[in-house]
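Here is the file structure_39.cif (mmCIF, C-alpha atoms).
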data_structure
#
loop_
_atom_site.group_PDB
_atom_site.id
_atom_site.type_symbol
_atom_site.label_atom_id
_atom_site.label_comp_id
_atom_site.auth_asym_id
_atom_site.auth_seq_id
_atom_site.Cartn_x
_atom_site.Cartn_y
_atom_site.Cartn_z
ATOM 1 C CA MET A 1 -0.530 32.493 -12.599
ATOM 2 C CA PRO A 2 -0.823 33.513 -8.933
ATOM 3 C CA ARG A 3 2.334 34.407 -7.029
ATOM 4 C CA ILE A 4 2.475 33.187 -3.451
ATOM 5 C CA THR A 5 4.806 33.813 -0.558
ATOM 6 C CA VAL A 6 5.227 30.958 1.882
ATOM 7 C CA THR A 7 7.714 30.306 4.653
ATOM 8 C CA VAL A 8 8.808 26.663 4.736
ATOM 9 C CA ASP A 9 11.025 25.396 7.536
ATOM 10 C CA GLY A 10 12.035 28.965 8.321
ATOM 11 C CA VAL A 11 12.915 29.973 4.741
ATOM 12 C CA LYS A 12 10.714 32.413 2.821
ATOM 13 C CA TYR A 13 9.865 31.472 -0.776
ATOM 14 C CA GLU A 14 8.053 33.354 -3.523
ATOM 15 C CA GLU A 15 6.639 31.089 -6.208
ATOM 16 C CA ASP A 16 4.381 31.406 -9.214
ATOM 17 C CA VAL A 17 1.932 28.508 -8.945
ATOM 18 C CA GLU A 18 -0.925 27.053 -10.914
ATOM 19 C CA PRO A 19 -4.170 27.569 -8.973
ATOM 20 C CA ARG A 20 -4.700 23.791 -8.812
ATOM 21 C CA LEU A 21 -1.179 22.903 -7.537
ATOM 22 C CA LEU A 22 -1.348 20.964 -4.287
ATOM 23 C CA LEU A 23 0.826 22.010 -1.370
ATOM 24 C CA VAL A 24 2.474 18.573 -1.261
ATOM 25 C CA HIS A 25 3.629 19.005 -4.875
ATOM 26 C CA LEU A 26 4.934 22.520 -4.208
ATOM 27 C CA LEU A 27 6.919 21.187 -1.266
ATOM 28 C CA ARG A 28 8.358 18.162 -3.070
ATOM 29 C CA GLU A 29 8.773 19.261 -6.681
ATOM 30 C CA ARG A 30 9.500 22.968 -6.384
ATOM 31 C CA LEU A 31 11.097 23.316 -2.950
ATOM 32 C CA GLY A 32 12.836 19.929 -2.682
ATOM 33 C CA LYS A 33 11.143 18.934 0.590
ATOM 34 C CA THR A 34 10.988 15.249 -0.299
ATOM 35 C CA GLY A 35 10.598 14.096 3.303
ATOM 36 C CA THR A 36 6.886 14.778 2.847
ATOM 37 C CA PRO A 37 5.692 11.767 0.840
ATOM 38 C CA VAL A 38 2.741 11.588 -1.517
ATOM 39 C CA GLY A 39 0.761 8.695 -0.163
ATOM 40 C CA CYS A 40 -2.727 8.608 -1.582
ATOM 41 C CA ASP A 41 -3.538 12.053 -3.043
ATOM 42 C CA THR A 42 -6.994 11.672 -1.466
ATOM 43 C CA SER A 43 -6.275 12.709 2.171
ATOM 44 C CA ASN A 44 -6.954 9.185 3.412
ATOM 45 C CA CYS A 45 -3.508 8.080 4.604
ATOM 46 C CA GLY A 46 -1.947 11.126 6.316
ATOM 47 C CA ALA A 47 1.586 10.423 5.075
ATOM 48 C CA CYS A 48 1.816 13.977 3.689
ATOM 49 C CA THR A 49 0.952 15.699 6.975
ATOM 50 C CA VAL A 50 2.754 18.997 7.630
ATOM 51 C CA MET A 51 2.190 21.895 9.987
ATOM 52 C CA LEU A 52 0.429 24.900 8.465
ATOM 53 C CA ASP A 53 0.512 27.877 10.819
ATOM 54 C CA GLY A 54 1.058 25.492 13.721
ATOM 55 C CA LYS A 55 -1.685 22.971 12.950
ATOM 56 C CA SER A 56 -1.336 19.656 11.171
ATOM 57 C CA VAL A 57 -2.866 19.402 7.703
ATOM 58 C CA LYS A 58 -2.734 16.802 4.995
ATOM 59 C CA SER A 59 -0.810 18.652 2.317
ATOM 60 C CA CYS A 60 -2.480 16.663 -0.474
ATOM 61 C CA SER A 61 -5.762 18.358 0.469
ATOM 62 C CA VAL A 62 -4.435 21.929 0.590
ATOM 63 C CA LEU A 63 -3.859 24.025 -2.505
ATOM 64 C CA ALA A 64 -0.554 25.869 -2.600
ATOM 65 C CA VAL A 65 -2.452 29.146 -3.051
ATOM 66 C CA GLN A 66 -4.206 28.471 0.273
ATOM 67 C CA ALA A 67 -0.784 28.500 1.958
ATOM 68 C CA ASP A 68 -0.019 32.019 0.715
ATOM 69 C CA GLY A 69 1.341 34.037 3.629
ATOM 70 C CA CYS A 70 1.534 30.971 5.861
ATOM 71 C CA ASP A 71 4.269 29.233 7.790
ATOM 72 C CA VAL A 72 4.784 25.579 6.861
ATOM 73 C CA VAL A 73 6.898 23.121 8.824
ATOM 74 C CA THR A 74 7.823 19.804 7.240
ATOM 75 C CA ILE A 75 9.531 16.801 8.780
ATOM 76 C CA GLU A 76 12.862 18.280 7.592
ATOM 77 C CA GLY A 77 12.217 21.442 9.584
ATOM 78 C CA LEU A 78 11.630 19.798 12.963
ATOM 79 C CA GLY A 79 15.145 19.209 14.202
ATOM 80 C CA ALA A 80 17.575 21.901 15.294
ATOM 81 C CA ASN A 81 21.354 22.138 15.304
ATOM 82 C CA GLY A 82 21.733 18.722 13.702
ATOM 83 C CA GLN A 83 19.618 17.037 16.376
ATOM 84 C CA MET A 84 16.348 15.216 15.861
ATOM 85 C CA HIS A 85 13.174 16.636 17.366
ATOM 86 C CA PRO A 86 12.219 14.705 20.539
ATOM 87 C CA MET A 87 9.307 13.055 18.706
ATOM 88 C CA GLN A 88 11.553 11.950 15.836
ATOM 89 C CA ARG A 89 14.025 10.539 18.353
ATOM 90 C CA ALA A 90 11.224 8.719 20.208
ATOM 91 C CA PHE A 91 10.001 7.105 16.973
ATOM 92 C CA HIS A 92 13.557 5.939 16.292
ATOM 93 C CA GLU A 93 14.211 4.657 19.813
ATOM 94 C CA GLU A 94 10.853 2.889 20.138
ATOM 95 C CA HIS A 95 11.135 1.254 16.682
ATOM 96 C CA ALA A 96 7.888 2.919 15.650
ATOM 97 C CA LEU A 97 8.458 2.351 11.969
ATOM 98 C CA GLN A 98 9.148 -0.424 9.537
ATOM 99 C CA CYS A 99 9.052 0.809 5.968
ATOM 100 C CA GLY A 100 8.997 4.444 7.154
ATOM 101 C CA TYR A 101 6.577 5.727 4.552
ATOM 102 C CA CYS A 102 3.968 6.888 7.063
ATOM 103 C CA THR A 103 6.500 8.121 9.621
ATOM 104 C CA PRO A 104 6.750 11.803 8.591
ATOM 105 C CA GLY A 105 2.987 12.216 8.756
ATOM 106 C CA MET A 106 2.726 10.253 12.009
ATOM 107 C CA VAL A 107 5.402 12.411 13.648
ATOM 108 C CA MET A 108 3.770 15.653 12.519
ATOM 109 C CA ALA A 109 0.294 14.511 13.625
ATOM 110 C CA ALA A 110 1.685 13.356 16.986
ATOM 111 C CA ILE A 111 3.282 16.737 17.624
ATOM 112 C CA ASP A 112 -0.007 18.465 16.823
ATOM 113 C CA LEU A 113 -1.855 16.070 19.129
ATOM 114 C CA LEU A 114 0.504 17.028 21.972
ATOM 115 C CA ARG A 115 -0.197 20.707 21.363
ATOM 116 C CA GLU A 116 -3.782 19.991 22.407
ATOM 117 C CA ASP A 117 -3.021 17.380 25.084
ATOM 118 C CA PRO A 118 0.594 17.242 26.353
ATOM 119 C CA GLU A 119 -0.056 14.093 28.413
ATOM 120 C CA PRO A 120 -2.412 11.977 26.280
ATOM 121 C CA SER A 121 -3.711 8.556 27.249
ATOM 122 C CA GLU A 122 -3.221 5.586 24.933
ATOM 123 C CA GLU A 123 -6.820 5.953 23.777
ATOM 124 C CA THR A 124 -6.332 9.665 23.049
ATOM 125 C CA ILE A 125 -3.185 8.900 21.029
ATOM 126 C CA ARG A 126 -4.956 6.236 18.994
ATOM 127 C CA GLN A 127 -7.903 8.571 18.332
ATOM 128 C CA GLY A 128 -5.597 11.476 17.519
ATOM 129 C CA LEU A 129 -3.684 9.465 14.939
ATOM 130 C CA GLU A 130 -6.658 7.708 13.364
ATOM 131 C CA GLY A 131 -6.352 9.795 10.193
ATOM 132 C CA ASN A 132 -2.799 8.521 9.671
ATOM 133 C CA LEU A 133 -2.493 4.985 8.345
ATOM 134 C CA CYS A 134 0.349 2.533 8.869
ATOM 135 C CA ARG A 135 0.219 -0.768 7.066
ATOM 136 C CA CYS A 136 3.298 -2.255 8.761
ATOM 137 C CA THR A 137 3.595 -1.760 12.500
ATOM 138 C CA GLY A 138 0.278 -2.490 14.193
ATOM 139 C CA TYR A 139 0.546 0.864 16.020
ATOM 140 C CA CYS A 140 1.778 -0.448 19.414
ATOM 141 C CA ASN A 141 5.270 0.987 18.965
ATOM 142 C CA ILE A 142 3.828 4.179 17.504
ATOM 143 C CA VAL A 143 1.724 4.716 20.623
ATOM 144 C CA ARG A 144 4.782 4.031 22.822
ATOM 145 C CA ALA A 145 6.811 6.500 20.759
ATOM 146 C CA VAL A 146 4.199 9.231 21.106
ATOM 147 C CA ARG A 147 4.105 8.729 24.877
ATOM 148 C CA LYS A 148 7.908 8.850 25.062
ATOM 149 C CA GLY A 149 8.001 11.900 22.789
ATOM 150 C CA ALA A 150 5.416 13.583 24.995
ATOM 151 C CA GLN A 151 7.574 12.971 28.060
ATOM 152 C CA GLU A 152 10.699 14.306 26.341
ATOM 153 C CA MET A 153 8.884 17.313 24.925
ATOM 154 C CA GLY A 154 7.461 18.068 28.375
ATOM 155 C CA GLN A 155 10.958 17.943 29.863
ATOM 156 C CA ALA A 156 12.302 20.179 27.123
ATOM 157 C CA VAL A 157 9.608 22.750 27.884
ATOM 158 C CA SER A 158 10.036 22.573 31.659
ATOM 159 C CA THR A 159 13.850 22.933 31.506
ATOM 160 C CA SER A 160 13.727 25.921 29.156
#
So, in terms of structure tokens, how does the structure I just supplied come out?
Amino acid sequence: MPRITVTVDGVKYEEDVEPRLLLVHLLRERLGKTGTPVGCDTSNCGACTVMLDGKSVKSCSVLAVQADGCDVVTIEGLGANGQMHPMQRAFHEEHALQCGYCTPGMVMAAIDLLREDPEPSEETIRQGLEGNLCRCTGYCNIVRAVRKGAQEMGQAVSTS
């Protein structure tokens, strides 16, 4: 069985894994990172999106062995000092969720989108999140939340 080393939310782990173990299952079942849901297991819904070396990936389409030596950030690893990440806060304040199942993946994908375009248009946001499905909200509040998160993240960067 291969042994991998992966840093998740700032903590380094060494794990023996089956070659076919998916990253989402490593995160949830072995490391207790249950904020990353298993949505479809087919990479269609995006609920399991995490950051892998700074880029969003659907963790149901990545083998744990592919994450060897990588840095993974889950929804649990976004906040700091007991405070929500600006994008998490924006989703909360803009009521960009109903059941909440898609929210972790939406937040992670939105943050990655802003890495590429810190001031996206509504169309860019909708295109950037098209691989993440929500069956509840109709996306209007999600788009508003991403715009608000972008503003707050921009302020956080400019005041640092």
Using all atoms listed in the file, determine which residues lie at most 9 Å from Leu114 (chain A), disregarding the query and same-chain residues fewer than 4 positions distant; provide the list as a PyMOL selection string. chain A and resi 109-110+118-120+125+146+150+153
Please provide the set of residues having any atom within 10 Å of region 53-58 of chain A, restricted to all atoms listed in the file, with same-chain residues fewer than 5 positions apart removed, written as a ChimeraX atom specification. /A:7,23-24,38,41-48,67,69-74,105,108-113,115,131-132
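The list of residues with at least one atom within 10 Å of Pro19 (chain A), based on all atoms listed in the file and without residues fewer than 3 positions apart in the same chain, reads Met1, Pro2, Arg3, Asp16, Leu22, Leu63, Ala64, Val65 and Gln66 of chain A.
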Those residues with C-alpha atoms, as a compact mmCIF listing (two decimals), in the frame of the given file please?
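File produced: again-v1.txt:
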# COMPACT_ATOMS: atom_id res chain seq x y z
CA MET A 1 -0.53 32.49 -12.60
CA PRO A 2 -0.82 33.51 -8.93
CA ARG A 3 2.33 34.41 -7.03
CA ASP A 16 4.38 31.41 -9.21
CA LEU A 22 -1.35 20.96 -4.29
CA LEU A 63 -3.86 24.02 -2.50
CA ALA A 64 -0.55 25.87 -2.60
CA VAL A 65 -2.45 29.15 -3.05
CA GLN A 66 -4.21 28.47 0.27
For a quick check of understanding, using all atoms listed in the file, which of A:Cys102, A:Ala96, A:Cys40, A:Leu129 has the smallest distance to Ile142 (chain A)? A:Ala96
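For the residues A:Val8, A:Leu133, A:Leu31, A:Cys60, ranking by smallest atom-to-atom distance to Tyr101 (chain A) using all atoms listed in the file places A:Leu133 first.
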With distances taken over all atoms listed in the file, which of A:Ile75, A:Met84, A:Leu97, A:Cys140 is nearest to Glu122 (chain A)? A:Cys140
Mind giving me the axis-aligned box for region 11-26 of chain A with 4 Å on every side, centre plus edges in Å to one decimal, as JSON?
{"center_x": 4.1, "center_y": 26.0, "center_z": -3.1, "size_x": 25.6, "size_y": 22.8, "size_z": 23.7}
Could you check which of A:Val107, A:Leu78, A:Leu21, A:Val143 is closest to Thr124 (chain A), using all atoms listed in the file? A:Val143
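Picture a line from CA of Lys33 (chain A) to CA of Gly79 (chain A); it runs 14.2 Å.
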Spell out the residues picked by the PyMOL selection byres ((chain A and resi 4) around 6) here, as a ChimeraX atom specification. /A:3,5,14-15,68
